[in-house]
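Structure record follows, encoded as structure tokens.
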Amino acid sequence: MMDGGIGFTHGAGGIFGLLFWIILIVLIVVAVRWLMNANGNQSGRSNSALDILDQRYARGEIDQQEYEQKRREISQKDN
């Protein structure tokens, strides 16, 4: 009546037990990664507008006058 000491029964029960643990571990890993990404996005959110503005200026999409005006507006919103 012993199942080899590994905690799984023979046949389909063992396969489903192993599958259960694999799925559980994968779900935990996915949840941890998602939470880490969600926290990272929130901490960098205040600078994202400035980062986008810097990128647009670097690409030449806006001139210096528009860049400085928008930078002041963003800085005022942060305060």
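Ordering of the structure tokens sets the chain letters (A, B, ...), residue numbers begin anew at 1 in every chain, and ligands are numbered from 1 in the order given.
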- prompt: Hey, what's within 10 Å of Glu68 of chain A if we count only C-alpha atoms and toss same-chain stuff fewer than 5 positions away? As a list of chain:residue names, please?
  reply: A:Leu53, A:Tyr57, A:Ile62, A:Asp63, A:Glu73, A:Ile74
message: as a PyMOL selection string, please: the residues near Lys70 of chain A (cut-off 10 Å, only C-alpha atoms, same-chain neighbours under 6 positions excluded).
response: chain A and resi 49-50+53+64+76
Output the selection as a CSV table (one decimal), in the first residue's frame - N, CA and C atoms for each residue.
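Just written: part29.csv:
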chain,number,residue,atom,x,y,z
A,49,ALA,N,6.6,61.6,-17.6
A,49,ALA,CA,6.3,62.8,-18.5
A,49,ALA,C,7.5,63.5,-18.9
A,50,LEU,N,8.4,63.7,-17.9
A,50,LEU,CA,9.7,64.4,-18.2
A,50,LEU,C,10.6,63.6,-19.2
A,53,LEU,N,9.2,63.9,-22.6
A,53,LEU,CA,9.5,65.2,-23.1
A,53,LEU,C,11.0,65.3,-23.5
A,64,GLN,N,13.4,74.2,-28.6
A,64,GLN,CA,13.8,74.5,-27.3
A,64,GLN,C,12.8,75.3,-26.5
A,76,GLN,N,5.4,72.3,-12.4
A,76,GLN,CA,4.4,72.9,-11.6
A,76,GLN,C,3.3,71.9,-11.2
